[in-house]
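S.K.: My structure file start_12.tsv, TSV, C-alpha atoms, is below:
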chain	number	residue	atom	x	y	z
A	237	MET	CA	-14.24	5.10	3.85
A	238	ASP	CA	-14.61	3.85	0.29
A	239	TRP	CA	-11.39	2.09	-0.77
A	240	ASP	CA	-11.94	3.03	-4.44
A	241	LYS	CA	-11.88	6.70	-3.46
A	242	LEU	CA	-8.85	6.13	-1.23
A	243	ARG	CA	-7.06	4.35	-4.07
A	244	ILE	CA	-7.70	7.35	-6.33
A	245	PHE	CA	-6.61	9.71	-3.53
A	246	ASN	CA	-3.34	7.77	-3.19
A	247	ALA	CA	-2.67	8.11	-6.92
A	248	VAL	CA	-3.41	11.85	-6.88
A	249	ALA	CA	-1.19	12.43	-3.84
A	250	GLN	CA	1.69	10.65	-5.58
A	251	ALA	CA	1.17	12.36	-8.94
A	252	GLY	CA	0.47	15.86	-7.64
A	253	SER	CA	-2.25	16.50	-10.21
A	254	PHE	CA	-5.62	15.15	-11.32
A	255	THR	CA	-4.42	14.87	-14.91
A	256	HIS	CA	-1.35	12.74	-14.18
A	257	ALA	CA	-3.27	10.59	-11.71
A	258	GLY	CA	-5.94	10.06	-14.35
A	259	GLU	CA	-3.33	8.84	-16.81
A	260	THR	CA	-2.08	6.34	-14.23
A	261	LEU	CA	-5.61	5.17	-13.38
A	262	SER	CA	-6.96	5.29	-16.97
A	263	MET	CA	-9.60	7.78	-15.85
A	264	SER	CA	-10.53	11.23	-17.09
A	265	GLN	CA	-9.28	14.25	-15.18
A	266	SER	CA	-12.85	15.26	-14.36
A	267	ALA	CA	-13.71	11.79	-13.00
A	268	VAL	CA	-10.67	11.85	-10.72
A	269	SER	CA	-11.54	15.35	-9.52
A	270	ARG	CA	-15.12	14.29	-8.73
A	271	GLN	CA	-13.93	11.31	-6.67
A	272	ILE	CA	-11.56	13.47	-4.64
A	273	SER	CA	-14.30	16.06	-4.03
A	274	ALA	CA	-16.63	13.27	-2.90
A	275	LEU	CA	-13.98	11.92	-0.52
A	276	GLU	CA	-13.40	15.39	0.94
A	277	SER	CA	-17.18	15.72	1.38
A	278	ASP	CA	-17.36	12.33	3.12
A	279	LEU	CA	-14.52	13.30	5.48
A	280	LYS	CA	-15.74	16.89	5.85
A	281	THR	CA	-12.21	18.25	5.39
A	282	PRO	CA	-10.11	19.43	2.44
A	283	LEU	CA	-7.30	17.07	1.47
A	284	PHE	CA	-5.52	19.23	-1.12
A	285	HIS	CA	-4.65	22.85	-1.65
A	286	ARG	CA	-5.44	23.63	-5.30
A	287	HIS	CA	-2.74	25.72	-7.02
A	288	ALA	CA	-2.18	26.68	-10.64
A	289	ARG	CA	0.97	24.52	-10.67
A	290	GLY	CA	-0.62	21.46	-9.10
A	291	LEU	CA	-1.94	20.01	-5.87
A	292	VAL	CA	-0.39	20.14	-2.40
A	293	LEU	CA	-1.61	17.96	0.46
A	294	THR	CA	-3.18	19.70	3.43
A	295	GLU	CA	-2.18	18.61	6.94
A	296	ALA	CA	-5.21	16.29	7.00
A	297	GLY	CA	-4.25	15.04	3.55
A	298	GLU	CA	-0.72	14.24	4.73
A	299	THR	CA	-2.12	12.22	7.63
A	300	LEU	CA	-4.46	10.27	5.38
A	301	PHE	CA	-1.78	9.74	2.70
A	302	ARG	CA	0.64	8.12	5.16
A	303	THR	CA	-2.00	5.60	6.19
A	304	VAL	CA	-3.35	4.94	2.70
A	305	ALA	CA	0.15	4.53	1.22
A	306	ASP	CA	0.99	2.00	3.94
A	307	VAL	CA	-2.23	0.06	3.31
A	308	ALA	CA	-1.62	0.11	-0.46
A	309	ASN	CA	1.91	-1.23	0.00
A	310	LYS	CA	0.64	-4.03	2.23
A	311	LEU	CA	-2.10	-4.95	-0.24
A	312	ASN	CA	0.40	-5.02	-3.10
A	313	LEU	CA	2.69	-7.19	-0.98
A	314	ALA	CA	-0.14	-9.58	-0.12
A	315	GLU	CA	-1.12	-9.82	-3.79
A	316	SER	CA	2.48	-10.54	-4.74
A	317	LEU	CA	2.93	-13.23	-2.08
A	318	LEU	CA	-0.37	-14.90	-2.98
A	319	SER	CA	0.61	-14.93	-6.63
A	320	ASP	CA	4.05	-16.34	-5.78
A	321	SER	CA	2.50	-19.15	-3.77
A	322	LYS	CA	0.45	-20.40	-6.74
A	323	HIS	CA	2.63	-19.84	-9.76
A	324	LEU	CA	6.16	-19.48	-10.98
A	325	PRO	CA	7.65	-16.12	-9.92
A	326	SER	CA	6.05	-13.32	-11.90
A	327	GLY	CA	5.29	-9.63	-11.74
A	328	ASP	CA	7.34	-6.50	-11.15
A	329	LEU	CA	10.60	-6.57	-9.21
A	330	LYS	CA	12.37	-3.30	-8.41
A	331	ILE	CA	16.07	-3.52	-7.53
A	332	THR	CA	18.37	-0.73	-6.39
A	333	ALA	CA	22.16	-0.87	-6.67
A	334	PRO	CA	25.21	1.39	-6.80
A	335	VAL	CA	25.63	3.07	-10.18
A	336	GLY	CA	28.90	1.36	-11.10
A	337	PHE	CA	27.98	-2.16	-10.02
A	338	GLY	CA	24.51	-1.91	-11.52
A	339	THR	CA	25.69	-0.45	-14.82
A	340	VAL	CA	28.60	-2.81	-15.40
A	341	TRP	CA	27.87	-6.05	-13.53
A	342	ILE	CA	24.13	-6.46	-12.94
A	343	THR	CA	23.05	-5.46	-16.45
A	344	GLN	CA	25.46	-8.00	-17.97
A	345	HIS	CA	23.77	-10.83	-16.04
A	346	MET	CA	20.13	-9.81	-16.32
A	347	ARG	CA	19.65	-11.51	-19.72
A	348	GLU	CA	20.32	-14.91	-18.15
A	349	PHE	CA	18.06	-14.16	-15.17
A	350	MET	CA	15.21	-12.99	-17.42
A	351	ASP	CA	15.58	-16.07	-19.62
A	352	LEU	CA	15.20	-18.20	-16.48
A	353	TYR	CA	12.23	-16.19	-15.17
A	354	PRO	CA	10.50	-14.60	-18.17
A	355	GLU	CA	7.42	-13.60	-16.17
A	356	ILE	CA	9.42	-11.28	-13.88
A	357	ASN	CA	9.67	-7.65	-15.02
A	358	ILE	CA	12.83	-5.97	-13.72
A	359	GLU	CA	13.21	-2.29	-12.87
A	360	LEU	CA	16.80	-1.43	-11.92
A	361	PHE	CA	17.17	1.84	-10.01
A	362	LEU	CA	20.80	2.98	-9.82
A	363	GLN	CA	21.87	5.26	-6.98
A	364	ASP	CA	24.99	5.30	-4.83
A	365	GLU	CA	23.07	6.42	-1.74
A	366	GLN	CA	21.00	3.86	0.14
A	367	ILE	CA	17.29	4.39	-0.38
A	368	ASP	CA	14.63	3.33	2.12
A	369	ILE	CA	13.71	-0.16	0.99
A	370	ALA	CA	12.03	-0.77	4.36
A	371	MET	CA	9.33	1.58	3.04
A	372	ARG	CA	9.28	-0.33	-0.27
A	373	ALA	CA	11.11	2.27	-2.35
A	374	ALA	CA	12.52	-0.93	-3.86
A	375	ASP	CA	11.93	-4.63	-3.29
A	376	ALA	CA	15.60	-5.52	-2.91
A	377	ALA	CA	18.99	-3.85	-2.97
A	378	VAL	CA	22.65	-4.53	-3.56
A	379	TRP	CA	24.67	-2.34	-1.19
A	380	THR	CA	28.36	-2.00	-0.41
A	381	THR	CA	27.78	-1.47	3.32
A	382	GLU	CA	25.58	-3.36	5.75
A	383	PRO	CA	22.27	-1.65	6.53
A	384	ASN	CA	21.72	-0.29	10.02
A	385	GLN	CA	18.06	-1.25	10.13
A	386	PRO	CA	17.61	-4.56	12.00
A	387	GLU	CA	14.40	-5.35	10.10
A	388	LEU	CA	16.32	-5.69	6.83
A	389	ILE	CA	17.63	-9.12	5.86
A	390	ARG	CA	21.14	-9.02	4.43
A	391	ARG	CA	23.42	-11.59	2.84
A	392	PRO	CA	26.99	-11.04	1.62
A	393	ILE	CA	27.22	-11.99	-2.06
A	394	MET	CA	30.62	-10.74	-3.20
A	395	THR	CA	33.86	-9.22	-1.98
A	396	SER	CA	35.52	-6.96	-4.54
A	397	LYS	CA	38.93	-5.36	-4.21
A	398	VAL	CA	39.61	-1.82	-5.32
A	399	ARG	CA	42.90	-1.05	-7.05
A	400	ALA	CA	44.85	2.00	-8.17
A	401	TYR	CA	45.08	2.54	-11.92
A	402	ALA	CA	46.48	4.99	-14.44
A	403	SER	CA	46.47	5.08	-18.22
A	404	SER	CA	49.54	4.10	-20.24
A	405	ASP	CA	49.69	7.69	-21.57
A	406	TYR	CA	49.67	9.09	-18.04
A	407	VAL	CA	52.46	6.74	-16.95
A	408	SER	CA	54.52	7.64	-20.02
A	409	THR	CA	54.16	11.35	-19.26
A	410	TYR	CA	54.31	11.49	-15.47
A	411	GLY	CA	55.89	8.19	-14.46
A	412	THR	CA	54.64	5.55	-12.04
A	413	PRO	CA	54.45	6.19	-8.28
A	414	GLN	CA	56.71	3.74	-6.47
A	415	THR	CA	55.63	4.59	-2.92
A	416	ILE	CA	52.61	6.06	-1.19
A	417	ALA	CA	54.55	9.30	-0.65
A	418	ASP	CA	54.98	9.61	-4.42
A	419	LEU	CA	51.25	10.19	-4.71
A	420	ASP	CA	51.83	13.70	-3.36
A	421	HIS	CA	53.40	14.55	-6.72
A	422	HIS	CA	50.77	12.96	-8.98
A	423	LYS	CA	47.37	13.97	-10.28
A	424	LEU	CA	44.51	12.07	-8.65
A	425	VAL	CA	41.04	11.17	-9.89
A	426	SER	CA	38.58	10.85	-7.03
A	427	TYR	CA	34.91	10.44	-6.12
A	428	SER	CA	32.95	13.55	-5.19
A	429	GLY	CA	29.60	12.06	-4.21
A	430	HIS	CA	28.41	12.53	-0.66
A	431	PRO	CA	27.25	10.50	1.09
A	432	ALA	CA	28.19	7.34	-0.76
A	433	GLN	CA	28.30	3.71	0.30
A	434	HIS	CA	31.77	3.12	-1.11
A	435	LEU	CA	33.23	6.59	-0.51
A	436	ALA	CA	35.99	5.47	1.86
A	437	ALA	CA	37.28	2.85	-0.58
A	438	VAL	CA	37.28	4.90	-3.79
A	439	THR	CA	38.81	7.97	-2.10
A	440	TRP	CA	41.51	5.88	-0.40
A	441	LEU	CA	44.37	7.42	-2.42
A	442	ALA	CA	43.54	10.85	-1.00
A	443	THR	CA	44.02	9.73	2.62
A	444	ILE	CA	46.48	6.81	2.70
A	445	GLY	CA	49.75	7.77	4.35
A	446	ARG	CA	48.53	11.23	5.29
A	447	ASP	CA	47.99	10.48	9.01
A	448	ASP	CA	47.09	13.85	10.57
A	449	GLN	CA	47.72	15.81	7.37
A	450	PRO	CA	44.90	17.05	5.13
A	451	PRO	CA	43.84	14.69	2.31
A	452	ARG	CA	45.55	15.02	-1.05
A	453	GLN	CA	43.70	17.35	-3.40
A	454	ALA	CA	42.33	15.53	-6.43
A	455	ALA	CA	42.87	17.05	-9.87
A	456	PHE	CA	39.52	15.68	-11.07
A	457	CYS	CA	36.45	14.65	-9.05
A	458	VAL	CA	33.22	13.10	-10.29
A	459	ASN	CA	30.24	11.50	-8.54
A	460	SER	CA	30.32	8.25	-10.52
A	461	VAL	CA	32.79	5.38	-10.33
A	462	VAL	CA	32.04	4.59	-13.98
A	463	ALA	CA	33.04	8.14	-14.93
A	464	MET	CA	36.14	7.74	-12.75
A	465	LYS	CA	37.18	4.75	-14.83
A	466	TYR	CA	36.88	6.67	-18.09
A	467	ALA	CA	38.64	9.70	-16.61
A	468	ILE	CA	41.55	7.50	-15.56
A	469	ARG	CA	41.61	5.84	-18.97
A	470	ALA	CA	41.66	9.29	-20.60
A	471	GLY	CA	44.85	10.16	-18.69
A	472	LEU	CA	43.41	12.65	-16.18
A	473	GLY	CA	45.27	11.03	-13.29
A	474	ILE	CA	45.57	8.04	-10.97
A	475	GLY	CA	42.41	6.72	-9.37
A	476	ILE	CA	41.10	3.76	-7.47
A	477	ILE	CA	38.18	1.71	-8.78
A	478	PRO	CA	36.59	-1.70	-8.01
A	479	ASP	CA	37.66	-4.87	-9.79
A	480	TYR	CA	34.23	-5.40	-11.33
A	481	LEU	CA	34.80	-2.26	-13.44
A	482	THR	CA	38.11	-3.42	-14.86
A	483	GLU	CA	37.45	-6.95	-16.13
A	484	GLN	CA	38.83	-7.34	-19.67
A	485	GLU	CA	40.09	-3.75	-19.51
A	486	ALA	CA	43.37	-3.48	-21.41
A	487	ASP	CA	43.71	0.32	-21.35
A	488	LEU	CA	44.47	0.64	-17.63
A	489	VAL	CA	47.83	0.18	-15.88
A	490	SER	CA	47.84	-1.06	-12.29
A	491	VAL	CA	50.01	1.05	-9.96
A	492	LEU	CA	51.12	0.55	-6.35
A	493	SER	CA	50.08	-3.08	-6.75
A	494	GLU	CA	52.26	-4.17	-3.82
A	495	ILE	CA	50.09	-2.21	-1.38
A	496	GLU	CA	47.03	-4.03	-0.04
A	497	PRO	CA	44.01	-1.95	-1.03
A	498	PRO	CA	40.62	-1.81	0.72
A	499	LYS	CA	37.90	-4.32	-0.09
A	500	LEU	CA	34.24	-3.80	-0.86
A	501	THR	CA	31.75	-6.38	0.43
A	502	LEU	CA	28.48	-6.31	-1.48
A	503	TYR	CA	25.29	-7.32	0.31
A	504	PHE	CA	21.94	-8.44	-1.03
A	505	VAL	CA	19.37	-6.69	1.18
A	506	TYR	CA	15.58	-6.92	1.36
A	507	PRO	CA	12.78	-6.23	3.88
A	508	GLU	CA	11.89	-9.02	6.28
A	509	GLU	CA	8.28	-8.90	5.06
A	510	LEU	CA	9.51	-10.09	1.64
A	511	LYS	CA	11.37	-13.15	2.93
A	512	GLY	CA	8.53	-15.31	1.54
A	513	SER	CA	8.58	-13.69	-1.90
A	514	LYS	CA	9.66	-16.10	-4.61
A	515	LYS	CA	10.76	-13.23	-6.85
A	516	VAL	CA	13.18	-11.98	-4.21
A	517	GLN	CA	14.36	-15.52	-3.38
A	518	VAL	CA	15.19	-16.44	-6.97
A	519	LEU	CA	17.00	-13.13	-7.53
A	520	ARG	CA	19.03	-13.64	-4.35
A	521	ASP	CA	19.96	-17.20	-5.29
A	522	PHE	CA	20.84	-16.16	-8.85
A	523	LEU	CA	23.15	-13.35	-7.71
A	524	VAL	CA	24.86	-15.58	-5.16
A	525	ALA	CA	25.45	-18.24	-7.82
A	526	LYS	CA	26.83	-15.74	-10.35
A	527	THR	CA	29.20	-14.06	-7.91
A	528	ARG	CA	30.65	-17.45	-6.96
A	529	ASN	CA	31.39	-18.42	-10.55
Would you kindly transcribe this structure into structure tokens?
M.R.:
Amino acid sequence: MDWDKLRIFNAVAQAGSFTHAGETLSMSQSAVSRQISALESDLKTPLFHRHARGLVLTEAGETLFRTVADVANKLNLAESLLSDSKHLPSGDLKITAPVGFGTVWITQHMREFMDLYPEINIELFLQDEQIDIAMRAADAAVWTTEPNQPELIRRPIMTSKVRAYASSDYVSTYGTPQTIADLDHHKLVSYSGHPAQHLAAVTWLATIGRDDQPPRQAAFCVNSVVAMKYAIRAGLGIGIIPDYLTEQEADLVSVLSEIEPPKLTLYFVYPEELKGSKKVQVLRDFLVAKTRN
């Protein structure tokens, strides 16, 4: 099979249309269509169902796409490793991280990293759920739980506490809880995302001290710890958020500070096949250094 045709097939399968694949490949829509038709003729089987709304892979197309996508990933990896071995780290580096940590902490430190390594282009993908980096959905990840996959390399880089906060206006209006039981009579701000890496920690106020009783009902739920912070600051209730969201934050009042809260350990995670990548190595070392400062 002609790799040029397979490369075009891979782009079409990902894009779902000849037009969008052509834009990615800098080819005309008709040229892309001709290459796919030629590949189907070579293989003597249709690879796509043609619909008015786009293209859908046939069963044979799905089989071929899995193989071609895997080969393309391995070729991209080989190209990246070969480039790393000859030059300073360069090229694209895709990182995934929880929304709160990525928004507040990682973005604040990326200027320094990019000054150190100007040839690395960063794409930061923020999502609280763990995506499949073993299949190269990203090159590296920062997660708040250890991965289950043994083929992923992980290194703890930071331990962050979570703490209960309210706004000064809320405390003035409703008072400050003195005990865990007092939470039953307060409005709570909680996390609604499911599943989420840090769900147990940021929903701790709903379950602490409840034993076999149902969790406390939150007055306001949102699927973002950043939004939780602003909801708490706006006086919607008491909520629990990580320390990295509250640095230099003067508008929040710590409550129940005598109670030991949960901790979040953050891990730098990457596929074993990228252990020789200089881009991943320098990012790992940079994050470790910054979290120890």
S.K.: May I have the residues within 7 Å of Lys514 (chain A) as a tab-separated table (two decimals) with C-alpha atoms, in the coordinates of the input, using only C-alpha atoms and disregarding those fewer than 2 positions away in the same chain?
M.R.:
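Saved result, selection03.tsv, follows:
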chain	number	residue	atom	x	y	z
A	320	ASP	CA	4.05	-16.34	-5.78
A	325	PRO	CA	7.65	-16.12	-9.92
A	512	GLY	CA	8.53	-15.31	1.54
A	516	VAL	CA	13.18	-11.98	-4.21
A	517	GLN	CA	14.36	-15.52	-3.38
A	518	VAL	CA	15.19	-16.44	-6.97
S.K.: Between A:Phe284, A:Lys397, A:Glu483, A:Met371, single out the one closest to Gln385 (chain A), counting only C-alpha atoms.
M.R.: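 Using only C-alpha atoms, Gln385 (chain A) sits closest to A:Met371.
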S.K.: Name all residues at most 12 Å from Tyr410 (chain A) (count all atoms listed in the file; drop same-chain ones fewer than 4 positions away) and give them as a list in words.
M.R.: Ala402, Ser403, Ser404, Asp405, Tyr406, Asp418, Leu419, His421, His422, Lys423, Leu424, Gly471, Leu472, Gly473 and Ile474 of chain A
S.K.: Skip region 446-457 of chain A itself and residues of its chain fewer than 4 positions away, then list as a PyMOL selection string all residues within 7 Å of it, counting only C-alpha atoms.
M.R.: chain A and resi 420+423-428+442
S.K.: How many Å lie between CA of Tyr353 (chain A) and CA of Thr339 (chain A), rounded to one decimal?
M.R.: 20.7 Å
S.K.: Could you tell me how far CA of Ile272 (chain A) sits from CA of Phe245 (chain A), in Å to one decimal place?
M.R.: 6.3 Å
S.K.: Mind giving me the straight-line distance from CA of Thr527 (chain A) to CA of Pro392 (chain A) in Å, one decimal?
M.R.: 10.2 Å
S.K.: Any chance you could tabulate, as JSON lines, the residues of region 277-361 of chain A at most 8 Å from region 247-254 of chain A with each one's nearest atom pair and distance in Å to one decimal, using only C-alpha atoms, in chain and rising number order?
M.R.:
{"residue": "A:Gly290", "atom": "CA", "partner": "A:Ser253", "partner_atom": "CA", "distance": 5.3}
{"residue": "A:Leu291", "atom": "CA", "partner": "A:Gly252", "partner_atom": "CA", "distance": 5.1}
{"residue": "A:Val292", "atom": "CA", "partner": "A:Gly252", "partner_atom": "CA", "distance": 6.8}
{"residue": "A:Leu293", "atom": "CA", "partner": "A:Ala249", "partner_atom": "CA", "distance": 7.0}
{"residue": "A:Phe301", "atom": "CA", "partner": "A:Ala249", "partner_atom": "CA", "distance": 7.1}
S.K.: Given the point (10.9, 5.3, 0.7) in the file's coordinates, find the residues that have an atom at most 12 Å from it, counting all atoms listed in the file, and give them as a ChimeraX atom specification.
M.R.: /A:302,305-306,309,332,366-375
S.K.: Write to file, as an mmCIF file, in the coordinates of the input, the residues of the selection just made, with C-alpha atoms.
M.R.:
data_model
loop_
_atom_site.group_PDB
_atom_site.id
_atom_site.type_symbol
_atom_site.label_atom_id
_atom_site.label_comp_id
_atom_site.auth_asym_id
_atom_site.auth_seq_id
_atom_site.Cartn_x
_atom_site.Cartn_y
_atom_site.Cartn_z
ATOM 1 C CA ARG A 302 0.640 8.120 5.160
ATOM 2 C CA ALA A 305 0.150 4.530 1.220
ATOM 3 C CA ASP A 306 0.990 2.000 3.940
ATOM 4 C CA ASN A 309 1.910 -1.230 0.000
ATOM 5 C CA THR A 332 18.370 -0.730 -6.390
ATOM 6 C CA GLN A 366 21.000 3.860 0.140
ATOM 7 C CA ILE A 367 17.290 4.390 -0.380
ATOM 8 C CA ASP A 368 14.630 3.330 2.120
ATOM 9 C CA ILE A 369 13.710 -0.160 0.990
ATOM 10 C CA ALA A 370 12.030 -0.770 4.360
ATOM 11 C CA MET A 371 9.330 1.580 3.040
ATOM 12 C CA ARG A 372 9.280 -0.330 -0.270
ATOM 13 C CA ALA A 373 11.110 2.270 -2.350
ATOM 14 C CA ALA A 374 12.520 -0.930 -3.860
ATOM 15 C CA ASP A 375 11.930 -4.630 -3.290
#
S.K.: Here is a test: counting only C-alpha atoms, which residue of A:Ala376, A:Ala470, A:Val489, A:Ile358 is nearest to Ala333 (chain A)?
M.R.: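 Between A:Ala376, A:Ala470, A:Val489, A:Ile358, the residue approaching Ala333 (chain A) most closely is A:Ala376.
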